[in-house]
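Participant: The structure file data_31.txt (compact mmCIF, C-alpha atoms and all ligand atoms) is provided below.
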```txt
# COMPACT_ATOMS: atom_id res chain seq x y z
CA MET A 583 17.09 138.03 114.85
CA LEU A 584 17.31 134.89 116.99
CA LEU A 585 13.61 133.96 116.88
CA PRO A 586 11.82 134.45 113.56
CA GLY A 587 9.86 137.71 113.55
CA LYS A 588 10.95 138.61 117.11
CA ARG A 589 13.38 141.23 118.30
CA THR A 590 15.94 140.33 120.96
CA PRO A 591 17.50 143.33 122.69
CA VAL A 592 21.21 142.54 123.14
CA LEU A 593 24.48 144.07 124.26
CA ALA A 594 26.96 143.98 121.38
CA PHE A 595 30.63 144.53 120.52
CA ASP A 596 30.83 146.83 117.47
CA GLY A 597 27.12 146.28 116.83
CA ALA A 598 27.48 142.55 116.17
CA VAL A 599 26.45 139.42 118.09
CA PRO A 600 28.77 137.63 118.54
CA GLY A 601 31.39 140.39 118.37
CA PRO A 602 33.49 140.61 115.18
CA LEU A 603 35.89 137.72 114.57
CA LEU A 604 39.34 139.20 115.13
CA ARG A 605 42.36 137.71 113.35
CA MET A 606 45.94 138.69 113.94
CA ARG A 607 49.36 137.16 113.38
CA HIS A 608 51.40 135.76 116.22
CA GLY A 609 54.18 138.20 117.08
CA GLU A 610 52.13 141.25 116.13
CA THR A 611 50.58 143.71 118.56
CA LEU A 612 46.94 144.68 118.30
CA PRO A 613 46.04 148.20 119.41
CA VAL A 614 42.65 148.04 121.15
CA ARG A 615 40.32 150.91 121.98
CA PHE A 616 37.65 149.72 124.41
CA GLU A 617 34.85 152.24 124.54
CA ASN A 618 32.00 151.61 126.96
CA ARG A 619 28.73 152.93 125.51
CA THR A 620 26.59 150.92 127.93
CA ASP A 621 25.26 152.17 131.26
CA GLN A 622 27.28 149.59 133.25
CA PRO A 623 30.94 149.57 134.31
CA MET A 624 32.74 147.00 132.20
CA THR A 625 36.05 145.37 131.28
CA LEU A 626 37.42 143.34 128.39
CA HIS A 627 39.02 139.96 129.20
CA TRP A 628 40.97 137.78 126.71
CA SER A 629 40.08 134.33 127.92
CA GLY A 630 42.82 131.76 127.62
CA MET A 631 45.50 134.24 126.56
CA ARG A 632 48.56 134.28 128.79
CA VAL A 633 48.68 138.06 128.49
CA SER A 634 50.35 140.38 130.97
CA ASN A 635 48.26 141.00 134.08
CA ARG A 636 47.45 144.62 133.32
CA VAL A 637 45.41 143.66 130.21
CA ASP A 638 43.70 140.58 131.72
CA GLY A 639 40.61 142.69 132.34
CA VAL A 640 39.16 141.40 135.62
CA ALA A 641 37.23 144.22 137.28
CA GLY A 642 38.32 144.78 140.86
CA LEU A 643 41.36 142.48 140.60
CA THR A 644 43.56 143.58 137.71
CA GLN A 645 41.96 146.93 136.93
CA ALA A 646 39.10 149.29 137.75
CA PRO A 647 36.21 148.76 135.35
CA VAL A 648 35.80 151.22 132.47
CA ALA A 649 32.98 153.59 133.45
CA PRO A 650 29.96 154.20 131.21
CA GLY A 651 30.98 156.71 128.55
CA ALA A 652 34.70 156.22 129.22
CA LEU A 653 37.31 154.50 127.08
CA SER A 654 40.53 152.62 127.55
CA ASP A 655 43.37 152.21 125.05
CA PHE A 656 45.80 149.37 125.34
CA GLU A 657 47.96 147.03 123.28
CA LEU A 658 47.31 143.32 123.06
CA ALA A 659 50.42 141.19 122.52
CA PRO A 660 49.32 137.53 122.67
CA PRO A 661 52.28 135.35 123.67
CA ASP A 662 50.83 132.25 121.99
CA PRO A 663 48.98 131.50 118.76
CA GLY A 664 45.54 129.89 119.03
CA LEU A 665 41.84 130.54 119.37
CA PHE A 666 40.64 132.69 122.27
CA ILE A 667 37.45 134.29 123.56
CA TYR A 668 37.01 137.95 124.41
CA ARG A 669 34.29 139.00 126.84
CA PRO A 670 33.82 141.15 129.95
CA SER A 671 34.95 139.86 133.35
CA VAL A 672 33.09 141.72 136.08
CA PRO A 673 32.62 139.36 139.06
CA GLY A 674 28.98 139.82 140.09
CA ARG A 675 27.68 140.54 136.57
CA THR A 676 29.76 138.52 134.10
CA GLY A 677 27.12 135.87 133.35
CA ASP A 678 24.49 138.48 132.62
CA LEU A 679 26.77 140.51 130.33
CA VAL A 680 27.81 137.42 128.35
CA ALA A 681 24.26 136.00 128.22
CA ARG A 682 23.13 139.32 126.71
CA GLY A 683 25.58 139.03 123.83
CA LEU A 684 28.99 140.29 124.91
CA SER A 685 31.46 137.76 123.61
CA GLY A 686 33.57 137.24 120.52
CA LEU A 687 36.47 135.21 119.19
CA ILE A 688 40.03 136.07 118.27
CA VAL A 689 42.37 133.91 116.19
CA VAL A 690 46.10 134.41 116.62
CA GLU A 691 47.56 132.81 113.51
CA ASP A 692 50.61 130.61 113.96
CA ALA A 693 53.62 131.28 111.75
CA ASP A 694 53.31 127.72 110.43
CA GLN A 695 50.64 128.53 107.87
CA ARG A 696 50.03 125.15 106.31
CA PRO A 697 47.87 125.20 103.20
CA VAL A 698 44.23 124.23 103.78
CA ASP A 699 41.16 124.50 101.59
CA ALA A 700 39.23 126.26 104.35
CA ASP A 701 39.82 127.65 107.83
CA VAL A 702 36.45 127.81 109.59
CA VAL A 703 35.85 129.37 113.02
CA LEU A 704 32.68 128.37 114.89
CA GLY A 705 31.48 130.02 118.09
CA LEU A 706 28.78 128.03 119.90
CA THR A 707 26.56 129.53 122.53
CA ASP A 708 23.05 129.29 123.90
CA TRP A 709 20.44 131.90 124.78
CA LEU A 710 17.72 131.86 127.41
CA LEU A 711 14.81 133.56 125.65
CA ASP A 712 11.16 134.15 126.52
CA GLU A 713 8.34 133.79 123.96
CA SER A 714 8.64 137.39 122.82
CA GLY A 715 12.35 136.90 122.08
CA GLY A 716 13.57 138.82 125.11
CA ILE A 717 16.47 137.60 127.23
CA VAL A 718 15.22 136.08 130.48
CA SER A 719 16.52 137.44 133.79
CA PRO A 720 16.66 134.15 135.70
CA SER A 721 15.77 133.61 139.34
CA VAL A 722 18.52 133.46 141.94
CA SER A 723 18.29 129.67 142.19
CA VAL A 724 18.60 129.28 138.38
CA LEU A 725 21.64 131.57 138.51
CA ASN A 726 23.09 129.49 141.33
CA ALA A 727 23.18 126.48 138.97
CA GLY A 728 24.05 128.58 135.90
CA ARG A 729 21.64 129.47 133.12
CA LEU A 730 21.14 126.90 130.37
CA GLY A 731 19.70 128.48 127.25
CA ASN A 732 16.78 127.23 125.17
CA LEU A 733 18.25 128.29 121.81
CA VAL A 734 21.69 127.26 120.51
CA THR A 735 23.44 129.46 117.96
CA VAL A 736 26.47 128.96 115.72
CA ASN A 737 28.26 132.24 114.95
CA GLY A 738 25.09 134.02 116.04
CA ALA A 739 22.66 132.10 113.80
CA ALA A 740 20.15 129.56 115.11
CA LYS A 741 21.13 127.00 112.49
CA ALA A 742 24.07 124.89 111.39
CA HIS A 743 26.98 126.51 109.56
CA GLU A 744 26.91 125.15 105.99
CA ALA A 745 29.67 125.08 103.38
CA SER A 746 30.69 123.25 100.23
CA LEU A 747 34.28 122.10 99.82
CA PRO A 748 36.23 120.32 97.05
CA ARG A 749 36.34 116.56 97.45
CA GLY A 750 39.41 115.48 99.40
CA ALA A 751 39.60 118.99 100.89
CA LYS A 752 41.65 119.77 104.00
CA LEU A 753 39.67 121.74 106.55
CA ARG A 754 40.96 123.48 109.66
CA LEU A 755 38.07 123.77 112.07
CA ARG A 756 38.35 126.01 115.15
CA ILE A 757 35.52 125.66 117.63
CA ALA A 758 34.82 127.61 120.84
CA ASN A 759 32.15 127.09 123.46
CA THR A 760 31.22 130.64 124.45
CA ALA A 761 28.06 129.64 126.34
CA PRO A 762 27.74 131.13 129.83
CA ALA A 763 27.10 127.75 131.46
CA ARG A 764 26.56 124.80 129.12
CA VAL A 765 29.00 121.93 128.56
CA MET A 766 28.75 120.73 124.94
CA SER A 767 30.13 117.42 123.67
CA LEU A 768 31.14 117.38 120.02
CA ARG A 769 31.53 114.65 117.46
CA ILE A 770 32.21 114.42 113.73
CA GLU A 771 30.30 112.15 111.37
CA GLY A 772 31.41 111.23 107.86
CA ALA A 773 35.09 112.24 107.92
CA LYS A 774 38.33 111.59 109.70
CA ALA A 775 39.14 114.46 112.09
CA TYR A 776 42.35 114.93 114.08
CA VAL A 777 42.60 116.83 117.36
CA ALA A 778 45.20 119.49 116.51
CA ALA A 779 44.94 121.85 119.49
CA VAL A 780 42.99 122.23 122.72
CA ASP A 781 42.46 125.59 124.44
CA GLY A 782 44.71 127.16 121.82
CA HIS A 783 47.76 124.93 122.34
CA PRO A 784 48.82 122.11 119.98
CA THR A 785 48.49 118.64 121.52
CA ASP A 786 51.24 116.11 122.24
CA VAL A 787 49.31 113.38 120.52
CA PHE A 788 47.81 113.88 117.12
CA GLU A 789 44.95 111.46 117.12
CA PRO A 790 41.72 110.98 115.26
CA LEU A 791 38.73 112.21 117.19
CA ARG A 792 37.26 108.84 118.21
CA SER A 793 33.98 109.55 119.86
CA THR A 794 32.82 112.74 121.53
CA PHE A 795 34.97 115.56 122.82
CA PRO A 796 33.54 117.48 125.79
CA LEU A 797 33.84 121.26 125.61
CA GLY A 798 33.08 123.10 128.84
CA PRO A 799 32.07 126.74 128.70
CA GLY A 800 35.19 128.64 127.62
CA ASN A 801 37.00 125.60 126.12
CA ARG A 802 38.28 125.66 122.52
CA LEU A 803 39.12 122.82 120.17
CA GLU A 804 40.94 122.75 116.84
CA LEU A 805 40.35 119.91 114.43
CA PHE A 806 41.96 119.01 111.13
CA VAL A 807 39.26 117.41 108.98
CA GLU A 808 39.94 115.32 105.86
CA MET A 809 36.93 115.57 103.58
CA PRO A 810 35.96 112.40 101.69
CA VAL A 811 37.18 112.09 98.10
CA GLU A 812 33.70 111.18 96.86
CA PRO A 813 31.57 113.96 95.39
CA GLY A 814 28.33 114.72 97.25
CA ALA A 815 29.61 113.38 100.58
CA VAL A 816 28.22 114.99 103.75
CA VAL A 817 30.25 115.62 106.91
CA ARG A 818 28.46 116.71 110.07
CA LEU A 819 29.69 118.27 113.29
CA LEU A 820 27.20 117.46 116.05
CA ALA A 821 26.84 118.75 119.61
CA GLN A 822 25.07 116.80 122.32
CA VAL A 823 22.55 119.42 123.30
CA GLY A 824 19.08 118.07 123.99
CA THR A 825 18.39 115.41 121.35
CA GLY A 826 21.49 116.44 119.40
CA PHE A 827 22.27 119.66 117.58
CA GLU A 828 23.80 120.02 114.11
CA VAL A 829 26.61 122.59 114.42
CA ALA A 830 28.02 122.40 110.90
CA VAL A 831 27.41 120.57 107.63
CA PHE A 832 30.12 120.33 104.96
CA ARG A 833 29.41 118.88 101.51
CA THR A 834 31.90 117.87 98.85
CA THR A 835 31.58 119.23 95.31
CA GLY A 836 32.73 117.52 92.11
CA GLU A 837 36.04 119.36 91.97
CA LEU A 838 39.13 117.67 93.49
CA SER A 839 41.20 119.58 96.04
CA PRO A 840 44.87 120.06 95.06
CA LEU A 841 45.59 119.09 98.70
CA ALA A 842 43.73 115.76 98.49
CA ASP A 843 46.98 113.75 98.64
CA THR A 844 48.72 115.98 101.20
CA PRO A 845 48.52 114.35 104.61
CA PHE A 846 48.01 116.53 107.68
CA ARG A 847 50.98 116.95 109.96
CA PRO A 848 50.59 117.86 113.62
CA LEU A 849 51.13 121.48 114.64
CA PRO A 850 54.50 122.10 116.30
CA LEU A 851 54.23 122.11 120.10
CA ASN A 852 54.24 125.50 121.77
CA PRO A 853 57.93 126.05 122.67
CA ARG A 854 56.92 128.71 125.23
CA LEU A 855 55.33 126.04 127.46
CA PRO A 856 57.55 123.80 129.60
CA ALA A 857 58.38 120.28 128.39
CA GLU A 858 58.03 119.11 131.99
CA ILE A 859 56.97 120.50 135.35
CA ARG A 860 59.13 119.70 138.40
CA LEU A 861 56.35 118.47 140.66
CA GLN A 862 58.75 117.69 143.56
CA SER A 863 59.36 121.40 144.11
CA ALA A 864 55.74 122.47 143.52
CA LEU A 865 53.66 124.58 145.84
CA ARG A 866 50.69 122.38 146.81
CA THR A 867 47.35 124.09 147.14
CA ASN A 868 43.63 123.32 147.18
CA PHE A 869 40.54 124.66 145.44
CA THR A 870 37.66 122.92 147.22
CA ILE A 871 34.20 123.70 145.90
CA GLU A 872 31.08 123.38 148.04
CA GLY A 873 27.51 124.64 147.77
CA GLY A 874 24.78 124.59 145.16
CA PRO A 875 21.65 122.49 145.00
CA ARG A 876 21.31 119.54 147.41
CA PRO A 877 18.66 116.85 147.47
CA GLY A 878 16.12 117.64 150.19
CA LEU A 879 16.99 121.34 150.32
CA ALA A 880 14.43 123.82 148.99
CA ALA A 881 17.03 126.46 148.11
CA PRO A 882 20.58 125.93 146.86
CA LEU A 883 23.50 126.63 149.19
CA PRO A 884 25.82 129.56 148.43
CA TRP A 885 28.99 128.66 146.53
CA HIS A 886 32.14 128.39 148.60
CA VAL A 887 35.78 127.93 147.65
CA ASN A 888 37.93 126.61 150.51
CA GLY A 889 35.07 127.27 152.96
CA LYS A 890 34.06 130.78 151.94
CA PRO A 891 32.72 132.79 149.01
CA GLY A 892 35.34 134.41 146.77
CA SER A 893 36.56 137.89 147.68
CA LEU A 894 38.58 140.29 145.55
CA ALA A 895 39.78 142.15 148.64
CA ARG A 896 43.51 142.28 149.31
CA GLY A 897 44.26 139.40 151.65
CA GLY A 898 41.36 137.42 150.16
CA GLY A 899 43.57 135.38 147.83
CA ILE A 900 44.13 131.62 148.02
CA PHE A 901 47.93 131.69 147.86
CA SER A 902 50.94 133.67 146.82
CA VAL A 903 53.78 132.04 144.90
CA GLY A 904 57.22 133.10 143.75
CA ARG A 905 57.67 133.59 140.04
CA ASP A 906 58.50 130.45 138.00
CA ARG A 907 57.62 128.05 140.82
CA PRO A 908 55.52 125.02 139.85
CA VAL A 909 52.07 124.78 141.42
CA VAL A 910 49.96 121.65 141.94
CA MET A 911 46.36 122.50 142.72
CA THR A 912 43.86 119.90 143.89
CA VAL A 913 40.42 120.90 142.60
CA ALA A 914 37.89 119.01 144.75
CA ASN A 915 34.30 119.17 143.58
CA ARG A 916 32.19 118.45 146.67
CA THR A 917 28.96 119.44 144.93
CA GLU A 918 26.15 117.71 143.06
CA LEU A 919 26.97 119.42 139.74
CA PRO A 920 29.90 119.21 137.32
CA GLN A 921 32.20 122.19 137.89
CA THR A 922 34.10 123.85 135.04
CA ILE A 923 37.05 125.82 136.42
CA HIS A 924 39.02 128.44 134.49
CA LEU A 925 42.55 129.62 135.27
CA HIS A 926 43.70 133.08 134.15
CA GLY A 927 47.13 133.96 132.80
CA HIS A 928 48.49 130.39 132.66
CA ALA A 929 47.99 127.03 130.97
CA PHE A 930 47.89 123.84 133.06
CA ARG A 931 48.09 120.08 132.69
CA VAL A 932 45.66 117.64 134.27
CA LEU A 933 47.64 115.10 136.30
CA HIS A 934 46.69 111.45 136.31
CA ALA A 935 45.08 110.13 139.49
CA LEU A 936 47.52 107.29 140.22
CA ASP A 937 50.86 108.65 139.09
CA ASP A 938 52.40 111.91 137.94
CA GLY A 939 51.59 111.31 134.27
CA TRP A 940 49.48 113.92 132.58
CA ASP A 941 46.88 114.36 129.89
CA PRO A 942 48.43 115.13 126.48
CA TYR A 943 47.26 118.73 126.22
CA TRP A 944 47.44 122.08 127.97
CA LEU A 945 44.19 123.62 129.17
CA ASP A 946 43.00 126.81 130.80
CA THR A 947 39.54 125.40 131.56
CA VAL A 948 38.70 121.95 132.96
CA THR A 949 35.44 120.27 133.93
CA VAL A 950 35.46 118.26 137.18
CA PRO A 951 32.55 115.80 137.48
CA ALA A 952 30.29 115.99 140.55
CA GLY A 953 31.95 114.51 143.62
CA LYS A 954 35.33 114.08 141.87
CA THR A 955 38.77 115.57 142.36
CA VAL A 956 41.23 116.64 139.67
CA ARG A 957 44.84 117.75 140.16
CA ILE A 958 46.25 120.38 137.85
CA ALA A 959 49.86 121.49 137.47
CA PHE A 960 51.30 124.68 136.03
CA VAL A 961 54.34 126.93 136.28
CA ALA A 962 53.45 130.26 137.88
CA ASP A 963 55.50 132.28 135.38
CA ASN A 964 53.20 135.25 134.82
CA PRO A 965 53.46 137.95 137.51
CA GLY A 966 50.32 139.52 138.92
CA ARG A 967 47.04 138.69 140.59
CA TRP A 968 45.10 136.01 138.71
CA LEU A 969 41.55 134.77 138.94
CA ILE A 970 40.71 131.07 139.14
CA ALA A 971 36.99 130.83 138.80
CA SER A 972 33.93 128.94 137.70
CA ALA A 973 33.57 129.09 133.91
CA VAL A 974 29.86 128.77 134.58
CA LEU A 975 29.79 132.54 134.78
CA ASP A 976 26.66 132.89 136.93
CA ARG A 977 28.38 130.76 139.59
CA LEU A 978 31.44 133.00 139.44
CA ASP A 979 29.11 135.94 140.00
CA GLN A 980 27.76 134.21 143.10
CA GLY A 981 31.19 133.67 144.64
CA LEU A 982 32.62 130.53 143.02
CA TYR A 983 36.10 131.93 142.51
CA GLY A 984 39.41 132.61 144.13
CA TRP A 985 42.59 134.37 143.12
CA PHE A 986 46.31 134.01 143.67
CA GLU A 987 49.34 136.17 143.32
CA VAL A 988 52.52 135.46 141.39
CA ALA A 989 55.10 137.72 143.02
CU CU B 1 39.49 133.84 131.01
```
Can the structure from this file be put into structure tokens for me?

Facilitator:
Amino acid sequence: MLLPGKRTPVLAFDGAVPGPLLRMRHGETLPVRFENRTDQPMTLHWSGMRVSNRVDGVAGLTQAPVAPGALSDFELAPPDPGLFIYRPSVPGRTGDLVARGLSGLIVVEDADQRPVDADVVLGLTDWLLDESGGIVSPSVSVLNAGRLGNLVTVNGAAKAHEASLPRGAKLRLRIANTAPARVMSLRIEGAKAYVAAVDGHPTDVFEPLRSTFPLGPGNRLELFVEMPVEPGAVVRLLAQVGTGFEVAVFRTTGELSPLADTPFRPLPLNPRLPAEIRLQSALRTNFTIEGGPRPGLAAPLPWHVNGKPGSLARGGGIFSVGRDRPVVMTVANRTELPQTIHLHGHAFRVLHALDDGWDPYWLDTVTVPAGKTVRIAFVADNPGRWLIASAVLDRLDQGLYGWFEVA
């Protein structure tokens, strides 16, 4: 129940919204049976995982969708530890499927299991509901911009996650923005929190979270939180949604954590990602976004990437690149809205504007402000055909995507 006393008809994984939290150990293989009991063709995508192309789950690009009543068995072997999102990817209908409840989280535990008092996973999303609790089917122009919900939930509940912890406790906090369109900025009040990983990968710098951290749709963030040593202290995780939304509240009890004097250490860097990218030998390519709402125009313009709407047809790709070659992609946002762009099968670095320095973390999803340009760099080391698409899923459905081939 999202609204008190009202029923919201949803689509669900295993009968739950969000889908069940999956946990597995890095190095293990998870057998998955995906059974489609809906009346719509569907796939399952593991967002952020650098999986092999045949299990990336993009309908019409990496596989045919699973028909209503059919099932598909496969094995999931995540190459990296971290926090990831599972959801359908069916260009044309992805936003609707996710907005109706089809998403969940999966934690791939790293081997370095440091002791913590609590390991909390929070999935944030929003819902666009009418007064009777039903999910709104937005107009085409709302879908062009991407639907912003009117109810925020944390792990499926329309209220903050609450927990009590020993004073001085060490908390590992894994947060995912699974909203179909909304960018959420997060901040912590009342405790020191370190940024441990972004989009699943440990960061180069292990720094306290100073102000707010923006999470685009699809982004994930891992924080190490040191609870105060005073009893009765309150620590809040807040999201800038509307006037501010309380995501989680942690209170200290009278008991002292045995870990109170154990300082946090950074997570080891992911050794499967390159220490550097040889930019001199990179393939240079563009992802130029145009379209959307314009001042003075009654209706928004259709979304274009490099001058045309995305096409999954063979020959409709942006580029083809030899395996293991570096790629530098210039993502130019020539629109009036921020654009959150998501790369499949790879992790990238954001390059600095004035030199070839880079931001201290790997991402698979980046938000480019309106009118701005961002350069990303990655090594095309995963063979197959990969989507690069708006993480505002309704925009993807309306053509804001492209794909490339690693041959
Ligand atoms: Cu994805």

Participant: My list of candidates is A:Ala740, A:Leu925, A:Ile688, A:Ile958. Which is closest to ligand CU 1 (chain B) when distances are computed with only C-alpha atoms and all ligand atoms?

Facilitator: A:Leu925

Participant: Between CA of His886 in chain A and CA of Asp906 in chain A, what is the distance in Å, rounded to a tenth?

Facilitator: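 Value for the CA of His886 in chain A-CA of Asp906 in chain A distance: 28.5 Å.
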
Participant: So which residues touch Asn635 in chain A within 8 Å, counting only C-alpha atoms, skipping near sequence neighbours fewer than 5 positions away, as a list in words?

Facilitator: Thr644, Gly927, Asn964, Pro965, Gly966, Arg967 and Trp968 of chain A

Participant: Pick from A:Met606, A:Leu978, A:Val690, A:Val599: nearest to ligand CU 1 (chain B), with only C-alpha atoms and all ligand atoms counted?

Facilitator: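 Nearest to ligand CU 1 (chain B): A:Leu978.
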
Participant: Let me make sure I understand: among A:Pro586, A:Pro799, A:Pro697, A:Gly981, which one has the smallest atom-to-atom distance to ligand CU 1 (chain B) if we use all atoms listed in the file?

Facilitator: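 Once distances to ligand CU 1 (chain B) are computed over all atoms listed in the file, the minimum belongs to A:Pro799.
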
Participant: In terms of the shortest atom-to-atom distance over all atoms listed in the file, which of A:Glu657, A:Asp638, A:Asp963, A:Asp843 is closest to ligand CU 1 (chain B)?

Facilitator: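 The answer is A:Asp638, which sits nearest to ligand CU 1 (chain B).
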
Participant: I'd like a table as a tab-separated table: residues in chain A with an atom no more than 8 Å from ligand CU 1 (chain B), each row giving the shortest atom pair and its distance in Å to one decimal, all atoms listed in the file counted, sorted by chain and rising residue number.

Facilitator:
```
residue	atom	partner	partner_atom	distance
A:His627	CA	B:CU1	CU	6.4
A:Trp628	CA	B:CU1	CU	6.0
A:Ser629	CA	B:CU1	CU	3.2
A:Gly630	CA	B:CU1	CU	5.2
A:Met631	CA	B:CU1	CU	7.5
A:Asp638	CA	B:CU1	CU	8.0
A:Ile667	CA	B:CU1	CU	7.7
A:Ser671	CA	B:CU1	CU	7.9
A:Gly800	CA	B:CU1	CU	7.6
A:His924	CA	B:CU1	CU	6.4
A:Leu925	CA	B:CU1	CU	6.7
A:His926	CA	B:CU1	CU	5.3
A:Gly927	CA	B:CU1	CU	7.8
A:Asp946	CA	B:CU1	CU	7.9
```

Participant: May I ask which of the residues A:Arg605, A:Arg833, A:Arg977, A:Arg769 is the closest one to Gly873 in chain A, counting all atoms listed in the file?

Facilitator: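 Selected residue with least distance to Gly873 in chain A: A:Arg977.
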
Participant: So, counting all atoms listed in the file, which residue among A:Pro884, A:Gln921, A:His928, A:Thr867 is closest to Val722 in chain A?

Facilitator: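 Answer, going by the shortest atom-to-atom distance: A:Pro884.
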
Participant: Dig up all the protein and nucleic acid residues within 7 Å of (38.5, 132.8, 142.1) in the file frame, using only C-alpha atoms, and format them as a list in words.

Facilitator: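 Those within range, by chain then number, are Gly892, Leu969, Ile970, Ala971, Leu982, Tyr983, Gly984 and Trp985 of chain A.
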
Participant: Give as number ranges by chain every residue, naming chains and numbers as the document does, that has an atom within 9 Å of (51.5, 144.5, 120.3), counting all atoms listed in the file.

Facilitator: A: 609-613, 657-660

Participant: What's the 12 Å shell around Pro720 in chain A, counting all atoms listed in the file, without same-chain residues fewer than 2 positions away, as a list in words?

Facilitator: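 Once the adjacent positions are removed, what remains is Gly677, Asp678, Ala681, Trp709, Leu710, Leu711, Asp712, Gly716, Ile717, Val718, Val722, Ser723, Val724, Leu725, Asn726, Ala727, Gly728, Arg729, Leu730, Gly731 and Asp976 of chain A.
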
Participant: Distance CA of Pro891 in chain A-CA of Gln980 in chain A, one decimal place?

Facilitator: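 Straight-line distance from CA of Pro891 in chain A to CA of Gln980 in chain A works out to 7.8 Å.
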
Participant: List the spatial neighbours of Ala962 in chain A as a PDB file with C-alpha atoms, in the frame of the given file - criterion: any atom at most 8 Å away, all atoms listed in the file, same-chain residues fewer than 3 positions off excluded.

Facilitator:
```pdb
ATOM      1  CA  VAL A 903      53.780 132.040 144.900  1.00  0.00           C
ATOM      2  CA  GLY A 904      57.220 133.100 143.750  1.00  0.00           C
ATOM      3  CA  ARG A 905      57.670 133.590 140.040  1.00  0.00           C
ATOM      4  CA  ASP A 906      58.500 130.450 138.000  1.00  0.00           C
ATOM      5  CA  ARG A 907      57.620 128.050 140.820  1.00  0.00           C
ATOM      6  CA  PRO A 908      55.520 125.020 139.850  1.00  0.00           C
ATOM      7  CA  VAL A 909      52.070 124.780 141.420  1.00  0.00           C
ATOM      8  CA  HIS A 928      48.490 130.390 132.660  1.00  0.00           C
ATOM      9  CA  PRO A 965      53.460 137.950 137.510  1.00  0.00           C
ATOM     10  CA  VAL A 988      52.520 135.460 141.390  1.00  0.00           C
TER      11      VAL A 988
END
```

Participant: Grab the CA of Leu755 in chain A to CA of Thr735 in chain A distance for me, in Å with one decimal place.

Facilitator: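 That distance, rounded to one decimal, is 16.8 Å.
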